[in-house]
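Structure, as structure tokens:
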2 protein chains.
Amino acid sequence: MSSPPSRPVALRDVAAEAGVHPSTASRALNPAMRYLVADPVAERVQEVAARLGYRPNAVALSLRTGRTRLIGALVPGIANPVFAPILAGAAEALSSVGYALMVADPGDDPGRAAEFVEQLAARSVDGLLLATASLHDDPALAACRARQIPAVLVNRGSEGIPSVVADDRGGMGLAAEHLLGLGHRRIGHVAGPAQLSTGLLRAEGFERALRAHGVEAEPSLRVVTAAYTREEGDRAAAVLIARNPDMTALACANDLLALGAYDACRRAGLRIPEEISVTGHNDMPMVDLIEPPLTTVRIPHGEMGAQAARLLLGLIGHGEEAGAVVLPSALVVRGSTAVPRSDGR
Amino acid sequence: MSSPPSRPVALRDVAAEAGVHPSTASRALNPAMRYLVADPVAERVQEVAARLGYRPNAVALSLRTGRTRLIGALVPGIANPVFAPILAGAAEALSSVGYALMVADPGDDPGRAAEFVEQLAARSVDGLLLATASLHDDPALAACRARQIPAVLVNRGSEGIPSVVADDRGGMGLAAEHLLGLGHRRIGHVAGPAQLSTGLLRAEGFERALRAHGVEAEPSLRVVTAAYTREEGDRAAAVLIARNPDMTALACANDLLALGAYDACRRAGLRIPEEISVTGHNDMPMVDLIEPPLTTVRIPHGEMGAQAARLLLGLIGHGEEAGAVVLPSALVVRGSTAVPRSDGR
DNA sequence: AACGTCGTTGCAATCGATTGTAAGGAGTTC
DNA sequence: GAACTCCTTACAATCGATTGCAACGACGTT
């Protein structure tokens with residue numbers, strides 16, 4: 001009539017109540033083994049289980065089967081508006097098939113990322129979603145290989161590991177062509193970190209578009225940043241402005257860098273877009289509200305997360321090998337770009 | 001000489017290699033039980049464990065001890081710029097003491113939230129961080145009580161459950177007083193959903209400040225929204241603008257609502273702040289960059305997450321009961337507020 | 001009537017760690 | 001030298017589920 005501590009109902013409770021052995025109850029409740037038990041018995045067990053509110057203990061199940069239905073995710077900043085929607089997309093795709101997502105945020109520290117991989121491995125995650133990967137010798141990737149944990153990269157790519165990324169080269173090409181089409185010829189590039197695939201590929205896409213239009217890419221028109229931050233964008237843009245008085249546009253590898261470029265332009269007294277055009281990349285939330293609204297490249301954040309999750313599940317389930325998935329980007333023209341002034345600047 | 005599948009090294013492997021029983025190895029490796037084994041033996045076991053790269057299997061440990069060192073978090077939108085930094089703060093505080101965070105995103109659906117609580121319970125999380133709570137009869141909270149899972153609310157409060165929230169009443173009061181101080185008297189309020197503590201308390205803070213200044217709160221100057229979205233803010237602000245031609249300011253319960261109000265004002269041809277002042281709440285990232293920069297109330301997102309995590313750990317560890325923690329908010333004055341035009345509007 | 005088959009169910013081992021209890025041996029005391 | 005500690009280690013049960021194997025009874029066949 002009373003049971004204050006009340007241990008949660010276990011399989012053995014269901015079995016006892018139904019008058020069968022736990023193993024029989026297990027089979028009656030497992031659709032795949034259901035055929036091994038007689039119909040009336042199975043129905044009785046299921047009825048009892050429902051009545052008692054039985055929920056299988058996921059921990060015990062994991063110990064026995066070796067699978068946790070847990071996926072670990074490593075992101076450089078949960079609050080980063082680029083990665084948050086990726087996580088949301090992945091979480092949605094995973095939870096719909098009974099998987100849960102554990103997030104760990106090592107920031108930009110590769111060593112910390114590797115440590116987190118070890119911790120997640122100790123928790124026996126079934127797979128890993130990595131948004132932190134750098135292009136070469138990533139310790140987190142090495143840890144995955146060492147522990148043989150299926151892993152998929154999102155947003156950033158690396159060699160020999162399945163990944164889901166946006167078309168960084170093509171996307172940046174769209175931005176560059178947009179500027180070229182407006183008539184810009186002296187275009188500065190605020191490049192992303194060279195150890196990240198996004199930084200490298202977007203720089204490539206930028207230069208390729210320029211060459212296709214017969215414009216030579218000058219070293220003086222490029223500054224490589226150390227991180228995707230507003231401060232770095234400010235610093236890099238300031239250098240470019242000081243170095244190239246005839247520059248009429250700035251193509252930035254990422255929206256945060258573009259915001260920093262806004263700061264630098266404002267400080268230099270350059271009006272956007274009248275005196276200098278600026279483009280970003282990623283179309284993160286709210287860049288349509290800043291003044292002027294940022295012309296940028298939209299990448300399918302949520303879809304990237306979802307596809308990466310599905311790719312990972314395929315890897316785990318059927319061991320199906322997969323290469324790199326590249327999702328298309330789209331140019332979003334807003335108010336930060338315009339035709340250059342005829343007098344240069 | 002070879003072992004392709006290579007089962008990860010377990011305690012029994014360490015014990016065998018060190019020539020002792022697994023139980024002895026367990027005690028040698030556990031600082032709390034360390035005193036039960038002779039020094040030379042303990043050292044040998046530790047040396048072997050290190051050499052073999054032994055990592056205790058967290059799943060087995062959880063099954064035996066009943067604790068998983070896992071905390072579940074329920075948020076209405078991972079990508080929401082209000083909740084992302086809360087999660088980041090919590091994740092940081094938790095990972096520093098060996099806990100990991102599982103996030104689930106039920107959106108605004110209370111039924112889905114309850115279902116997620118059940119799933120997290122089946123995974124034996126040690127506690128729950130809830131950012132989704134509504135004021136009354138929240139099914140997710142009921143599920144927590146039923147399964148006796150320690151839970152702490154963040155950002156939003158509810159009765160009888162420990163919580164960490166911002167000073168919603170006081171914060172909204174700051175915004176109202178700022179507007180009153182500028183000379184505004186006809187101030188509209190775009191209120192948040194009434195079933196959320198934030199919606200209710202901010203409305204209270206708003207009206208209390210008005211009354212303290214001898215201004216009567218008129219029903220026609222308030223519209224209650226159904227959700228914290230830009231669209232709802234647009235809709236509500238449009239209603240207020242149409243209904244009150246003499247209104248000179250809009251105090252919004254949240255930044256997203258304020259952004260919607262921007263849209264409505266723009267459509268109505270009202271310049272901000274010259275013809276109408278607008279305030280928000282939360283100071284989410286980038287509202288300093290929109291045009292005009294939004295005057296808003298800053299709440300300590302990350303600190304809220306961190307404190308909630310610590311509160312929860314206290315609850316789990318020492319069963320120490322805790323009430324509601326209220327963190328101070330601060331007014332951030334930017335460009336969306338100004339003195340009202342003398343001709344009313 | 002004896003035997004083989006098949007459908008059901010129970011038994012017991014297993015996953016990897018923790019922990020209460022017993023047993024072993026060394027040292028001390030009377 | 002017998003008895004009594006105490007220190008150290010081993011044994012075995014336990015957490016909750018899954019699953020290979022054995023056993024059992026009912027039935028059909030010859």
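Chain labels follow the order of the structure tokens: the first chain is A, the next B, and so on; residue numbering restarts at 1 in every chain, and ligands are counted from 1 in their shown order.
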
For chain D, list the residues within 7 Å of chain A, counting only C-alpha atoms (C1' of nucleotides), and write the list as an mmCIF file with all heavy atoms, in the first residue's frame.
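To be explicit, this is the file written out as result09.cif:
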```cif
data_model
loop_
_atom_site.group_PDB
_atom_site.id
_atom_site.type_symbol
_atom_site.label_atom_id
_atom_site.label_comp_id
_atom_site.auth_asym_id
_atom_site.auth_seq_id
_atom_site.Cartn_x
_atom_site.Cartn_y
_atom_site.Cartn_z
ATOM 1 P P DG D 16 18.141 -2.780 -10.769
ATOM 2 O OP1 DG D 16 17.353 -1.550 -10.581
ATOM 3 O OP2 DG D 16 17.851 -3.977 -9.985
ATOM 4 O "O5'" DG D 16 18.066 -3.191 -12.305
ATOM 5 C "C5'" DG D 16 18.223 -2.195 -13.288
ATOM 6 C "C4'" DG D 16 18.264 -2.846 -14.649
ATOM 7 O "O4'" DG D 16 19.417 -3.708 -14.738
ATOM 8 C "C3'" DG D 16 17.058 -3.718 -14.967
ATOM 9 O "O3'" DG D 16 16.581 -3.340 -16.243
ATOM 10 C "C2'" DG D 16 17.607 -5.127 -14.974
ATOM 11 C "C1'" DG D 16 19.043 -4.893 -15.409
ATOM 12 N N9 DG D 16 19.986 -5.925 -14.991
ATOM 13 C C8 DG D 16 19.924 -6.697 -13.871
ATOM 14 N N7 DG D 16 20.934 -7.536 -13.764
ATOM 15 C C5 DG D 16 21.704 -7.302 -14.891
ATOM 16 C C6 DG D 16 22.913 -7.908 -15.329
ATOM 17 O O6 DG D 16 23.566 -8.799 -14.780
ATOM 18 N N1 DG D 16 23.359 -7.356 -16.526
ATOM 19 C C2 DG D 16 22.716 -6.357 -17.213
ATOM 20 N N2 DG D 16 23.293 -5.944 -18.339
ATOM 21 N N3 DG D 16 21.584 -5.776 -16.821
ATOM 22 C C4 DG D 16 21.134 -6.300 -15.663
ATOM 23 P P DA D 17 15.225 -3.832 -16.816
ATOM 24 O OP1 DA D 17 14.495 -2.653 -17.243
ATOM 25 O OP2 DA D 17 14.625 -4.775 -15.864
ATOM 26 O "O5'" DA D 17 15.666 -4.661 -18.095
ATOM 27 C "C5'" DA D 17 16.177 -3.982 -19.207
ATOM 28 C "C4'" DA D 17 17.261 -4.779 -19.884
ATOM 29 O "O4'" DA D 17 18.050 -5.456 -18.894
ATOM 30 C "C3'" DA D 17 16.787 -5.882 -20.823
ATOM 31 O "O3'" DA D 17 16.836 -5.382 -22.151
ATOM 32 C "C2'" DA D 17 17.793 -6.996 -20.634
ATOM 33 C "C1'" DA D 17 18.726 -6.505 -19.534
ATOM 34 N N9 DA D 17 19.029 -7.523 -18.534
ATOM 35 C C8 DA D 17 18.327 -7.826 -17.411
ATOM 36 N N7 DA D 17 18.868 -8.784 -16.688
ATOM 37 C C5 DA D 17 19.999 -9.138 -17.403
ATOM 38 C C6 DA D 17 21.005 -10.088 -17.180
ATOM 39 N N6 DA D 17 21.024 -10.900 -16.117
ATOM 40 N N1 DA D 17 21.987 -10.177 -18.079
ATOM 41 C C2 DA D 17 21.969 -9.346 -19.146
ATOM 42 N N3 DA D 17 21.082 -8.411 -19.457
ATOM 43 C C4 DA D 17 20.117 -8.360 -18.543
ATOM 44 P P DT D 18 16.252 -6.285 -23.333
ATOM 45 O OP1 DT D 18 16.095 -5.370 -24.465
ATOM 46 O OP2 DT D 18 15.119 -7.065 -22.817
ATOM 47 O "O5'" DT D 18 17.446 -7.290 -23.659
ATOM 48 C "C5'" DT D 18 18.613 -6.765 -24.262
ATOM 49 C "C4'" DT D 18 19.579 -7.888 -24.550
ATOM 50 O "O4'" DT D 18 19.858 -8.634 -23.347
ATOM 51 C "C3'" DT D 18 19.098 -8.919 -25.583
ATOM 52 O "O3'" DT D 18 20.206 -9.160 -26.438
ATOM 53 C "C2'" DT D 18 18.764 -10.141 -24.729
ATOM 54 C "C1'" DT D 18 19.788 -10.012 -23.613
ATOM 55 N N1 DT D 18 19.474 -10.672 -22.312
ATOM 56 C C2 DT D 18 20.376 -11.544 -21.782
ATOM 57 O O2 DT D 18 21.423 -11.842 -22.328
ATOM 58 N N3 DT D 18 20.030 -12.071 -20.561
ATOM 59 C C4 DT D 18 18.882 -11.802 -19.844
ATOM 60 O O4 DT D 18 18.685 -12.334 -18.751
ATOM 61 C C5 DT D 18 17.976 -10.882 -20.464
ATOM 62 C C7 DT D 18 16.693 -10.529 -19.769
ATOM 63 C C6 DT D 18 18.306 -10.357 -21.650
#
```

Legend entry - Residues near D:DC24, cut-off 10 Å, only C-alpha atoms (C1' of nucleotides), skip fewer than 2 positions along chain, as a PyMOL selection string: (chain C and resi 8-10) or (chain D and resi 22+26)

Inset, instruction - Just need the residues of chain C within 12 Å of chain A, counting only C-alpha atoms (C1' of nucleotides), so spit them out as a VMD selection string. - result: chain C and resid 6 to 17

Go ahead and save the picked residues with C-alpha atoms (C1' of nucleotides), as a PDB file, in the first residue's frame.
```pdb
ATOM      1  C1'  DC C   6       8.435 -28.261 -33.377  1.00  0.00           C
ATOM      2  C1'  DG C   7       6.813 -24.590 -30.621  1.00  0.00           C
ATOM      3  C1'  DT C   8       7.480 -22.546 -26.005  1.00  0.00           C
ATOM      4  C1'  DT C   9       9.570 -21.559 -21.971  1.00  0.00           C
ATOM      5  C1'  DG C  10      13.161 -21.569 -18.401  1.00  0.00           C
ATOM      6  C1'  DC C  11      18.043 -21.606 -17.079  1.00  0.00           C
ATOM      7  C1'  DA C  12      22.264 -19.436 -16.724  1.00  0.00           C
ATOM      8  C1'  DA C  13      26.049 -16.800 -18.596  1.00  0.00           C
ATOM      9  C1'  DT C  14      27.323 -12.298 -19.887  1.00  0.00           C
ATOM     10  C1'  DC C  15      28.402  -7.142 -20.265  1.00  0.00           C
ATOM     11  C1'  DG C  16      32.218  -4.297 -16.534  1.00  0.00           C
ATOM     12  C1'  DA C  17      32.471  -2.368 -12.569  1.00  0.00           C
TER      13       DA C  17
END
```

Proximity of chain B to chain A: per-residue shortest pair, 9 Å limit, only C-alpha atoms, as a Markdown table:
```
| residue | atom | partner | partner_atom | distance |
| --- | --- | --- | --- | --- |
| B:Pro8 | CA | A:Arg147 | CA | 8.3 |
| B:Arg55 | CA | A:Ala122 | CA | 6.5 |
| B:Pro56 | CA | A:Ala122 | CA | 6.9 |
| B:Asn57 | CA | A:Ala122 | CA | 5.7 |
| B:Ala58 | CA | A:Arg123 | CA | 5.0 |
| B:Val59 | CA | A:Leu63 | CA | 6.0 |
| B:Ala60 | CA | A:Leu63 | CA | 6.0 |
| B:Ser62 | CA | A:Val59 | CA | 6.9 |
| B:Leu63 | CA | A:Val59 | CA | 5.9 |
| B:Thr68 | CA | A:Val59 | CA | 8.6 |
| B:Gly77 | CA | A:Ala88 | CA | 7.4 |
| B:Ile78 | CA | A:Ala88 | CA | 5.7 |
| B:Ala79 | CA | A:Ala84 | CA | 4.6 |
| B:Asn80 | CA | A:Ala84 | CA | 8.0 |
| B:Pro81 | CA | A:Ala79 | CA | 7.0 |
| B:Val82 | CA | A:Ala79 | CA | 8.9 |
| B:Phe83 | CA | A:Ala79 | CA | 8.2 |
| B:Ala84 | CA | A:Ala79 | CA | 4.6 |
| B:Pro85 | CA | A:Ala79 | CA | 5.1 |
| B:Ile86 | CA | A:Ala79 | CA | 8.4 |
| B:Leu87 | CA | A:Ile78 | CA | 7.4 |
| B:Ala88 | CA | A:Ile78 | CA | 5.8 |
| B:Ala91 | CA | A:Ala104 | CA | 7.1 |
| B:Glu92 | CA | A:Asp105 | CA | 7.7 |
| B:Ser95 | CA | A:Ala104 | CA | 8.1 |
| B:Gly98 | CA | A:Gln119 | CA | 8.8 |
| B:Ala100 | CA | A:Met102 | CA | 7.2 |
| B:Leu101 | CA | A:Met102 | CA | 5.8 |
| B:Met102 | CA | A:Met102 | CA | 4.3 |
| B:Val103 | CA | A:Leu101 | CA | 6.2 |
| B:Ala104 | CA | A:Ala91 | CA | 7.1 |
| B:Asp105 | CA | A:Ala91 | CA | 7.4 |
| B:Glu118 | CA | A:Arg55 | CA | 8.8 |
| B:Gln119 | CA | A:Gly98 | CA | 8.8 |
| B:Leu120 | CA | A:Ala100 | CA | 8.8 |
| B:Ala121 | CA | A:Asn57 | CA | 9.0 |
| B:Ala122 | CA | A:Asn57 | CA | 5.6 |
| B:Arg123 | CA | A:Ala58 | CA | 5.0 |
| B:Ser124 | CA | A:Val59 | CA | 7.2 |
| B:Arg147 | CA | A:Pro8 | CA | 8.1 |
| B:Leu259 | CA | A:Leu289 | CA | 8.5 |
| B:Met286 | CA | A:Met286 | CA | 7.2 |
| B:Val287 | CA | A:Ile290 | CA | 8.2 |
| B:Asp288 | CA | A:Ile290 | CA | 8.6 |
| B:Leu289 | CA | A:Ile290 | CA | 5.2 |
| B:Ile290 | CA | A:Ile290 | CA | 3.7 |
| B:Glu291 | CA | A:Glu291 | CA | 5.3 |
| B:Pro292 | CA | A:Glu291 | CA | 8.0 |
| B:Pro293 | CA | A:Ile290 | CA | 8.5 |
```

Inset, instruction - Could you give me the residues within stretch 155-278 of chain B that DSSP places in alpha helix (DSSP H), as a PyMOL selection string? - result: chain B and resi 168-182+197-212+230-243+255-267

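Backbone DSSP over stretch 135-310 of chain B gives strand (DSSP E or B) for Ala151, Val152, Leu153, Val154, Ser163, Val164, Val165, Ala166, Ile187, Gly188, His189, Val190, Ala191, Arg222, Val223, Val224, Ala249, Leu250, Ala251, Cys252, Ser277, Val278, Thr279, Asn282, Ile290, Thr295, Thr296, Val297 and Arg298 of chain B.
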
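Picture a line from atom CA of A:Arg266 to atom CA of A:Ile241; it runs 11.3 Å.
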